[in-house]
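Chemist: Okay, here's the structure, questions in a sec.
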Amino acid sequence: MRRRPLGEADEIVTCLSPEQGKLDAVAKGSRRSQSRLVGLLEPFTYLHAQLARGKTLDPITQARPVKTFPALRADLERLAYGSYLLELWSSCLPFREPAPRAFSLLVQGLDALDRGWSPTLLCRWLELHLLDELGYAPDFSECLSCGNLVKQGWFSPAAGQIACRGCGPSAPGALPVSPRAVSAFRHLRRMALSELQGRAPTPELAAELQGLLRAHLAHHWPHSLRSLKVLESLAG
């Protein structure tokens with residue numbers, strides 16, 4: 001997910017594992033051209049790796065690639081969306097907590113990007129299901145004030161819930177939500193990933209879904225994601 005220099009020849013590598021969750025490991029000598037780890041520790045590389053027990057960081061002793069997502073790496077837009085997913089997962093997940101579902105979501109998402117699926121709809125599906133896994137899934141069904149089902153209204157990023165038009169915005173920073181966005185979110189929560197293939201939202205709906213979910217994510221994880229600036233420049 002991320003790599004950074006350590007000393008003259010080593011690197012600290014941030015990885016995601018189903019059993020151990022997010023973790024930092026050390027790749028000794030990986031910055032030397034003759035290291036057997038050269039090329040295996042690039043971001044987006046799905047590995048089978050063996051780690052030894054270290055005093056502070058566990059060293060990677062063996063690694064072999066499972067998938068490298070070459071089409072994703074070769075396309076600037078897909079690379080930018082993939083970088084966003086890696087950065088989002090890294091920002092949201094705690095260290096050293098098992099994350100089998102989050103791991104599976106990330107691998108499936110990168111694989112779908114590699115196969116050319118619509119990144120806008122795919123990322124919204126992945127964000128929703130990651131939020132659900134972490135216990136922060138937004139509710140676009142019942143009004144947070146009166147409890148009635150909502151067709152359109154106002155979404156509170158802080159509360160993670162929608163308010164109907166009759167109750168009005170009940171929290172600072174509430175955002176308007178159109179009927180089509182309410183319907184889209186409900187469908188995305190129920191849909192399997194395979195059902196997204198070949199689908200793409202209109203530009204207007206894509207922008208609305210993105211704005212609502214990013215506001216919700218920013219409330220819970222107010223970190224500035226560098227990859228978002230790249231996506232904004234591509235869209236600009």
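So you can find residues: chains in the structure tokens are A, B, ... in the order shown, residues in each start at 1, and ligands are numbered from 1 in order.
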Would you mind listing what lies within 9 Å of Leu40 of chain A as an MDAnalysis selection string, with only C-alpha atoms counted and same-chain residues fewer than 5 positions away left out?

Modeler: chainID A and resid 45:47 63:65 68

Chemist: Have a look at atom CA of Ser35 of chain A and atom CA of Leu23 of chain A and let me know their distance in Å, one decimal.

Modeler: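 Interatomic distance here is 21.9 Å.
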
Chemist: Identify which of the residues A:Leu131, A:Leu188, A:Cys164, A:Val107 lies closest to Cys143 of chain A, counting only C-alpha atoms when measuring atom-to-atom distances.

Modeler: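 That would be A:Cys164, the residue with the smallest distance to Cys143 of chain A.
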
Chemist: Please list as a list in words every residue within 9 Å of Cys15 of chain A, counting only C-alpha atoms and excluding residues in the same chain fewer than 3 positions away.

Modeler: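 Residues meeting the cut-off are Met1, Arg2, Arg3, Gly21, Lys22, Leu23, Asp24, Ala25 and Ser90 of chain A.
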
Chemist: Next, the residues of the selection above should be written as a compact mmCIF listing (two decimals), in the first residue's frame with N, CA and C atoms.

Modeler:
```txt
# COMPACT_ATOMS: atom_id res chain seq x y z
N MET A 1 0.82 -1.20 0.00
CA MET A 1 0.00 0.00 0.00
C MET A 1 0.86 1.27 0.00
N ARG A 2 2.01 1.18 0.64
CA ARG A 2 2.89 2.36 0.73
C ARG A 2 4.29 1.88 1.06
N ARG A 3 5.30 2.62 0.59
CA ARG A 3 6.68 2.29 0.91
C ARG A 3 7.45 3.58 1.16
N GLY A 21 -4.46 -7.45 9.41
CA GLY A 21 -4.89 -6.10 9.08
C GLY A 21 -3.75 -5.27 8.51
N LYS A 22 -3.82 -3.97 8.75
CA LYS A 22 -2.77 -3.08 8.26
C LYS A 22 -1.54 -3.21 9.15
N LEU A 23 -0.37 -3.29 8.54
CA LEU A 23 0.86 -3.44 9.31
C LEU A 23 2.02 -2.84 8.56
N ASP A 24 3.02 -2.42 9.30
CA ASP A 24 4.29 -1.96 8.74
C ASP A 24 5.31 -3.08 8.88
N ALA A 25 6.03 -3.36 7.81
CA ALA A 25 7.10 -4.35 7.81
C ALA A 25 8.34 -3.72 7.21
N SER A 90 -5.73 2.77 3.77
CA SER A 90 -4.65 3.00 4.72
C SER A 90 -5.05 4.01 5.78
```

Chemist: Give me, as a PyMOL selection string, all polymer residues having an atom no more than 10 Å from Arg199 of chain A, counting only C-alpha atoms and skipping those fewer than 4 positions away in the same chain.

Modeler: chain A and resi 117-118+120-122+195

Chemist: For those residues, write N, CA and C atoms to a file as a PDB file, in the first residue's frame.

Modeler:
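In the end it all went to again-v1.pdb:
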```pdb
ATOM      1  N   TRP A 117     -13.698  -1.506 -15.378  1.00  0.00           N
ATOM      2  CA  TRP A 117     -15.028  -1.125 -14.933  1.00  0.00           C
ATOM      3  C   TRP A 117     -15.093   0.379 -14.675  1.00  0.00           C
ATOM      4  N   SER A 118     -16.314   0.933 -14.674  1.00  0.00           N
ATOM      5  CA  SER A 118     -16.514   2.350 -14.393  1.00  0.00           C
ATOM      6  C   SER A 118     -15.983   2.694 -13.004  1.00  0.00           C
ATOM      7  N   THR A 120     -16.149   5.461 -11.238  1.00  0.00           N
ATOM      8  CA  THR A 120     -16.981   6.311 -10.384  1.00  0.00           C
ATOM      9  C   THR A 120     -17.981   5.478  -9.578  1.00  0.00           C
ATOM     10  N   LEU A 121     -18.695   4.591 -10.247  1.00  0.00           N
ATOM     11  CA  LEU A 121     -19.662   3.752  -9.543  1.00  0.00           C
ATOM     12  C   LEU A 121     -18.953   2.729  -8.658  1.00  0.00           C
ATOM     13  N   LEU A 122     -17.879   2.163  -9.149  1.00  0.00           N
ATOM     14  CA  LEU A 122     -17.122   1.177  -8.386  1.00  0.00           C
ATOM     15  C   LEU A 122     -16.623   1.762  -7.064  1.00  0.00           C
ATOM     16  N   GLU A 195     -22.681  -7.096 -10.088  1.00  0.00           N
ATOM     17  CA  GLU A 195     -23.790  -6.397 -10.732  1.00  0.00           C
ATOM     18  C   GLU A 195     -23.405  -5.020 -11.253  1.00  0.00           C
TER      19      GLU A 195
END
```

Chemist: Hey, what does DSSP flag as alpha helix (DSSP H) within segment 51-179 of chain A? Can you give it to me as a PyMOL selection string?

Modeler: chain A and resi 70-74+76-92+100-114+119-134+179

Chemist: Find the residues near Gly54 of chain A: any atom within 12 Å, counting only C-alpha atoms, skip ones fewer than 2 places away on the same chain, and give them as a ChimeraX atom specification.

Modeler: /A:24-28,51-52,56-61

Chemist: Take the residues from that selection and write them out as a CSV table (one decimal), in the first residue's frame, keeping N, CA and C atoms.

Modeler:
```csv
chain,number,residue,atom,x,y,z
A,24,ASP,N,3.0,-2.4,9.3
A,24,ASP,CA,4.3,-2.0,8.7
A,24,ASP,C,5.3,-3.1,8.9
A,25,ALA,N,6.0,-3.4,7.8
A,25,ALA,CA,7.1,-4.4,7.8
A,25,ALA,C,8.3,-3.7,7.2
A,26,VAL,N,9.5,-4.3,7.5
A,26,VAL,CA,10.7,-3.8,6.9
A,26,VAL,C,11.2,-4.7,5.8
A,27,ALA,N,11.6,-4.2,4.7
A,27,ALA,CA,12.2,-4.9,3.6
A,27,ALA,C,13.7,-4.6,3.6
A,28,LYS,N,14.5,-5.5,4.1
A,28,LYS,CA,15.9,-5.2,4.2
A,28,LYS,C,16.6,-5.3,2.9
A,51,LEU,N,6.8,-13.2,6.9
A,51,LEU,CA,7.5,-12.3,7.8
A,51,LEU,C,8.1,-13.0,9.0
A,52,ALA,N,9.2,-12.5,9.5
A,52,ALA,CA,9.8,-13.0,10.7
A,52,ALA,C,9.4,-12.1,11.8
A,56,THR,N,11.0,-4.3,16.6
A,56,THR,CA,10.0,-3.2,16.3
A,56,THR,C,9.2,-3.4,15.1
A,57,LEU,N,9.9,-3.8,14.0
A,57,LEU,CA,9.2,-4.1,12.7
A,57,LEU,C,9.6,-5.5,12.3
A,58,ASP,N,8.6,-6.2,11.7
A,58,ASP,CA,8.8,-7.5,11.3
A,58,ASP,C,9.4,-7.5,9.9
A,59,PRO,N,10.5,-8.2,9.7
A,59,PRO,CA,11.2,-8.2,8.4
A,59,PRO,C,10.5,-9.1,7.4
A,60,ILE,N,10.4,-8.7,6.1
A,60,ILE,CA,9.9,-9.6,5.1
A,60,ILE,C,11.0,-10.5,4.7
A,61,THR,N,10.8,-11.8,4.8
A,61,THR,CA,11.9,-12.8,4.5
A,61,THR,C,11.7,-13.4,3.1
```

Chemist: From segment 3-177 of chain A, collect each residue whose DSSP state is strand (DSSP E or B) and return the set as number ranges by chain.

Modeler: A: 3-6, 10-17, 21-27, 46-51, 58-67, 95, 139-143, 149, 153-156, 161-164, 175-177

Chemist: Rounded to one decimal in Å, what is the spacing between atom CA of Trp125 of chain A and atom CA of Glu42 of chain A?

Modeler: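 About the pair atom CA of Trp125 of chain A and atom CA of Glu42 of chain A: they are 25.5 Å apart.
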
Chemist: Give me, as a PyMOL selection string, all polymer residues having an atom no more than 9 Å from Arg36 of chain A, counting only C-alpha atoms and skipping those fewer than 6 positions away in the same chain.

Modeler: chain A and resi 29-30+62-63

Chemist: For the residues selected in the previous step, produce a file with N, CA and C atoms as a CSV table (one decimal), in the first residue's frame.

Modeler:
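Saved as result33.csv:
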```csv
chain,number,residue,atom,x,y,z
A,29,GLY,N,17.4,-4.3,2.5
A,29,GLY,CA,18.1,-4.3,1.3
A,29,GLY,C,17.3,-4.1,0.0
A,30,SER,N,16.0,-3.8,0.2
A,30,SER,CA,15.2,-3.8,-1.0
A,30,SER,C,15.5,-2.6,-2.0
A,62,GLN,N,10.4,-13.6,2.7
A,62,GLN,CA,10.1,-14.2,1.4
A,62,GLN,C,8.9,-13.5,0.8
A,63,ALA,N,8.8,-13.5,-0.5
A,63,ALA,CA,7.6,-12.9,-1.1
A,63,ALA,C,7.5,-13.4,-2.5
```

Chemist: Counting only C-alpha atoms, figure out which residue out of A:Leu228, A:Ala235, A:Leu16, A:Cys123 gets nearest to Ala102 of chain A.

Modeler: A:Leu16

Chemist: Residues near Glu142 of chain A, anyone? I mean within 10 Å using only C-alpha atoms, not counting same-chain ones fewer than 5 positions away, as a ChimeraX atom specification.

Modeler: /A:147-151,161-164

Chemist: Selected residues, C-alpha atoms, written as a PDB file, in the first residue's frame, please.

Modeler:
```
ATOM      1  CA  GLY A 147     -38.384   7.857  11.321  1.00  0.00           C
ATOM      2  CA  ASN A 148     -40.356   7.849   8.073  1.00  0.00           C
ATOM      3  CA  LEU A 149     -38.934   6.460   4.846  1.00  0.00           C
ATOM      4  CA  VAL A 150     -37.279   9.208   2.817  1.00  0.00           C
ATOM      5  CA  LYS A 151     -37.382   9.717  -0.958  1.00  0.00           C
ATOM      6  CA  GLN A 161     -28.330   9.754   8.310  1.00  0.00           C
ATOM      7  CA  ILE A 162     -30.905  11.417   6.110  1.00  0.00           C
ATOM      8  CA  ALA A 163     -33.727  13.784   7.115  1.00  0.00           C
ATOM      9  CA  CYS A 164     -36.930  14.125   5.125  1.00  0.00           C
TER      10      CYS A 164
END
```

Chemist: Could you state the separation of atom CA of Glu87 of chain A and atom CA of Met191 of chain A in Å, given to one decimal place?

Modeler: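 Going from atom CA of Glu87 of chain A over to atom CA of Met191 of chain A, I get 24.4 Å.
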